[in-house]
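Scroll down for the structure; my scribbles are underneath it.
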Amino acid sequence: MHLIQKQFNEIEKLVEILKQESETVTTLIIVEGNNDIQALQEVGIEKNVIAFKGQSQTDLTDWAAKFKKVIILTDFDPYGEELAETLYENLSSRGINVDLGYHRKLKFYFKKVTKDIEGLFQVYQGIRQSKQNRKIS
């Protein structure tokens with residue numbers, strides 16, 4: 001199996017797990033902005049996703065405290081990385097289970113291709129469509 005195919009398979013697994021995570025009432029996914037929410041929705045990650053943009057740290061922390069687990073999916077640029085660390089520190093200091101694992105894995109696979117969550121899922125959709133077209137041909 002080609003390396004690219006193997007990586008795509010791993011990414012597909014991550015997206016499927018994120019879909020499952022978003023459908024549990026106990027997990028919240030935090031992204032930076034509304035475009036990121038829309039990108040997640042386009043791949044089927046539709047529930048329990050909130051944008052940091054426009055929220056105060058206090059309001060976001062209070063909202064996140066209602067969930068057993070919070071997944072942080074900020075962008076991979078310096079601002080997104082700093083925001084992820086700040087959110088992690090603030091939320092975990094309140095005793096909230098914070099998961100940066102998806103962020104790290106997605107960054108590993110996509111850091112050379114895109115710097116943001118919105119672009120990441122556009123690339124994912126393009127690869128997926130290309131894969132489906134090859135099956136049809």
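Numbering starts fresh at 1 for the residues of each chain in the structure tokens, the chains themselves are lettered A, B, ... in the order given, and ligands are numbered from 1 as they appear.
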
Sort by chain and increasing residue number a table of all residues of stretch 89-123 of chain A within 9 Å of stretch 71-77 of chain A, each with its closest pair of atoms and their distance in Å to one decimal, counting only C-alpha atoms, and write it as a tab-separated table.
residue	atom	partner	partner_atom	distance
A:Asn97	CA	A:Ile71	CA	8.7
A:Val98	CA	A:Ile71	CA	6.0
A:Asp99	CA	A:Ile71	CA	4.7
A:Leu100	CA	A:Ile72	CA	5.7
A:Gly101	CA	A:Ile71	CA	8.1
A:Tyr102	CA	A:Leu73	CA	7.1
A:His103	CA	A:Leu73	CA	5.2
A:Arg104	CA	A:Leu73	CA	8.9
A:Leu106	CA	A:Leu73	CA	8.9
A:Lys107	CA	A:Phe76	CA	6.4
A:Lys111	CA	A:Phe76	CA	7.1
A:Thr114	CA	A:Phe76	CA	8.0
A:Lys115	CA	A:Phe76	CA	4.8
A:Asp116	CA	A:Asp75	CA	4.2
A:Ile117	CA	A:Asp75	CA	5.4
A:Glu118	CA	A:Asp75	CA	8.3

Taking 3 positions as the minimum chain separation for residues in the same chain, which residues sit within 12 Å of A:Glu16 when counting only C-alpha atoms? Answer as a PDB file with C-alpha atoms, in the first residue's frame.
ATOM      1  CA  ASN A   9      -6.772   5.572   5.622  1.00  0.00           C
ATOM      2  CA  GLU A  10      -5.496   6.859   8.974  1.00  0.00           C
ATOM      3  CA  ILE A  11      -7.129  10.242   8.361  1.00  0.00           C
ATOM      4  CA  GLU A  12     -10.392   8.532   7.419  1.00  0.00           C
ATOM      5  CA  LYS A  13     -10.309   6.634  10.706  1.00  0.00           C
ATOM      6  CA  LYS A  19     -17.959  11.889  14.001  1.00  0.00           C
ATOM      7  CA  GLN A  20     -18.719   9.354  16.708  1.00  0.00           C
ATOM      8  CA  GLU A  21     -17.269  11.623  19.397  1.00  0.00           C
ATOM      9  CA  SER A  22     -19.387  14.569  18.221  1.00  0.00           C
ATOM     10  CA  GLU A  23     -22.551  12.510  18.447  1.00  0.00           C
ATOM     11  CA  LEU A  40     -16.601  19.848   9.950  1.00  0.00           C
ATOM     12  CA  VAL A  43     -17.679  15.763   6.495  1.00  0.00           C
ATOM     13  CA  GLY A  44     -20.489  14.784   8.859  1.00  0.00           C
ATOM     14  CA  ILE A  45     -19.189  16.166  12.152  1.00  0.00           C
ATOM     15  CA  TYR A 102      -6.838  14.774  17.334  1.00  0.00           C
TER      16      TYR A 102
END

Taking the DSSP secondary structure from the backbone, can you list the residues of chain A that are helix (DSSP H, G or I), as number ranges by chain?
A: 3-23, 34-42, 57-64, 78-93, 101-110, 117-136

Let's have the selection written as an mmCIF file, in the first residue's frame, with C-alpha atoms.
data_model
loop_
_atom_site.group_PDB
_atom_site.id
_atom_site.type_symbol
_atom_site.label_atom_id
_atom_site.label_comp_id
_atom_site.auth_asym_id
_atom_site.auth_seq_id
_atom_site.Cartn_x
_atom_site.Cartn_y
_atom_site.Cartn_z
ATOM 1 C CA LEU A 3 2.280 5.808 1.863
ATOM 2 C CA ILE A 4 -0.315 8.363 0.721
ATOM 3 C CA GLN A 5 -3.041 5.689 0.749
ATOM 4 C CA LYS A 6 -1.979 4.579 4.230
ATOM 5 C CA GLN A 7 -2.062 8.173 5.488
ATOM 6 C CA PHE A 8 -5.473 8.735 3.935
ATOM 7 C CA ASN A 9 -6.772 5.572 5.622
ATOM 8 C CA GLU A 10 -5.496 6.859 8.974
ATOM 9 C CA ILE A 11 -7.129 10.242 8.361
ATOM 10 C CA GLU A 12 -10.392 8.532 7.419
ATOM 11 C CA LYS A 13 -10.309 6.634 10.706
ATOM 12 C CA LEU A 14 -9.711 9.871 12.620
ATOM 13 C CA VAL A 15 -12.641 11.578 10.894
ATOM 14 C CA GLU A 16 -14.935 8.621 11.642
ATOM 15 C CA ILE A 17 -13.917 8.643 15.300
ATOM 16 C CA LEU A 18 -14.470 12.414 15.464
ATOM 17 C CA LYS A 19 -17.959 11.889 14.001
ATOM 18 C CA GLN A 20 -18.719 9.354 16.708
ATOM 19 C CA GLU A 21 -17.269 11.623 19.397
ATOM 20 C CA SER A 22 -19.387 14.569 18.221
ATOM 21 C CA GLU A 23 -22.551 12.510 18.447
ATOM 22 C CA ASN A 34 -17.606 29.470 11.922
ATOM 23 C CA ASN A 35 -15.805 28.404 8.724
ATOM 24 C CA ASP A 36 -14.229 25.579 10.722
ATOM 25 C CA ILE A 37 -17.658 24.525 11.975
ATOM 26 C CA GLN A 38 -18.933 24.505 8.397
ATOM 27 C CA ALA A 39 -15.944 22.424 7.218
ATOM 28 C CA LEU A 40 -16.601 19.848 9.950
ATOM 29 C CA GLN A 41 -20.281 19.732 9.050
ATOM 30 C CA GLU A 42 -19.394 18.997 5.425
ATOM 31 C CA GLN A 57 -12.677 32.608 27.798
ATOM 32 C CA THR A 58 -15.019 32.596 30.797
ATOM 33 C CA ASP A 59 -18.152 31.850 28.767
ATOM 34 C CA LEU A 60 -16.385 29.147 26.793
ATOM 35 C CA THR A 61 -14.995 27.545 29.941
ATOM 36 C CA ASP A 62 -18.413 27.628 31.619
ATOM 37 C CA TRP A 63 -19.994 26.017 28.533
ATOM 38 C CA ALA A 64 -17.252 23.383 28.264
ATOM 39 C CA PRO A 78 1.056 30.118 15.553
ATOM 40 C CA TYR A 79 -2.211 31.710 16.753
ATOM 41 C CA GLY A 80 -4.061 28.386 16.662
ATOM 42 C CA GLU A 81 -1.246 26.596 18.465
ATOM 43 C CA GLU A 82 -1.149 29.240 21.186
ATOM 44 C CA LEU A 83 -4.942 29.174 21.484
ATOM 45 C CA ALA A 84 -4.923 25.374 21.819
ATOM 46 C CA GLU A 85 -2.403 25.553 24.652
ATOM 47 C CA THR A 86 -4.282 28.374 26.402
ATOM 48 C CA LEU A 87 -7.597 26.521 26.126
ATOM 49 C CA TYR A 88 -5.957 23.328 27.337
ATOM 50 C CA GLU A 89 -4.509 25.063 30.397
ATOM 51 C CA ASN A 90 -7.718 26.959 31.243
ATOM 52 C CA LEU A 91 -10.048 24.004 30.810
ATOM 53 C CA SER A 92 -7.871 21.374 32.447
ATOM 54 C CA SER A 93 -7.304 23.676 35.438
ATOM 55 C CA GLY A 101 -4.715 14.203 20.442
ATOM 56 C CA TYR A 102 -6.838 14.774 17.334
ATOM 57 C CA HIS A 103 -5.261 18.191 16.833
ATOM 58 C CA ARG A 104 -1.766 16.700 17.012
ATOM 59 C CA LYS A 105 -2.553 13.789 14.690
ATOM 60 C CA LEU A 106 -4.272 15.952 12.082
ATOM 61 C CA LYS A 107 -1.419 18.449 12.235
ATOM 62 C CA PHE A 108 1.049 15.602 11.650
ATOM 63 C CA TYR A 109 -0.757 14.498 8.492
ATOM 64 C CA PHE A 110 -1.581 17.937 7.091
ATOM 65 C CA ILE A 117 -9.006 23.178 10.046
ATOM 66 C CA GLU A 118 -11.140 24.580 7.242
ATOM 67 C CA GLY A 119 -8.469 23.815 4.650
ATOM 68 C CA LEU A 120 -7.732 20.446 6.197
ATOM 69 C CA PHE A 121 -11.237 19.170 5.624
ATOM 70 C CA GLN A 122 -11.345 20.650 2.111
ATOM 71 C CA VAL A 123 -8.206 18.619 1.319
ATOM 72 C CA TYR A 124 -9.774 15.575 2.965
ATOM 73 C CA GLN A 125 -12.920 15.943 0.841
ATOM 74 C CA GLY A 126 -10.822 16.323 -2.322
ATOM 75 C CA ILE A 127 -8.842 13.155 -1.583
ATOM 76 C CA ARG A 128 -12.010 11.289 -0.725
ATOM 77 C CA GLN A 129 -13.713 12.394 -3.943
ATOM 78 C CA SER A 130 -10.670 11.424 -6.002
ATOM 79 C CA LYS A 131 -10.645 8.013 -4.336
ATOM 80 C CA GLN A 132 -14.346 7.516 -5.117
ATOM 81 C CA ASN A 133 -13.844 8.578 -8.752
ATOM 82 C CA ARG A 134 -11.119 5.960 -9.176
ATOM 83 C CA LYS A 135 -13.464 3.275 -7.862
ATOM 84 C CA ILE A 136 -16.135 4.301 -10.369
#

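Those residues of chain A that DSSP, working from the backbone, places in strand (DSSP E) are Thr27, Leu28, Ile29, Ile30, Val31, Val49, Ile50, Ala51, Lys69, Val70, Ile71, Ile72, Asn97, Val98 and Asp99 of chain A.
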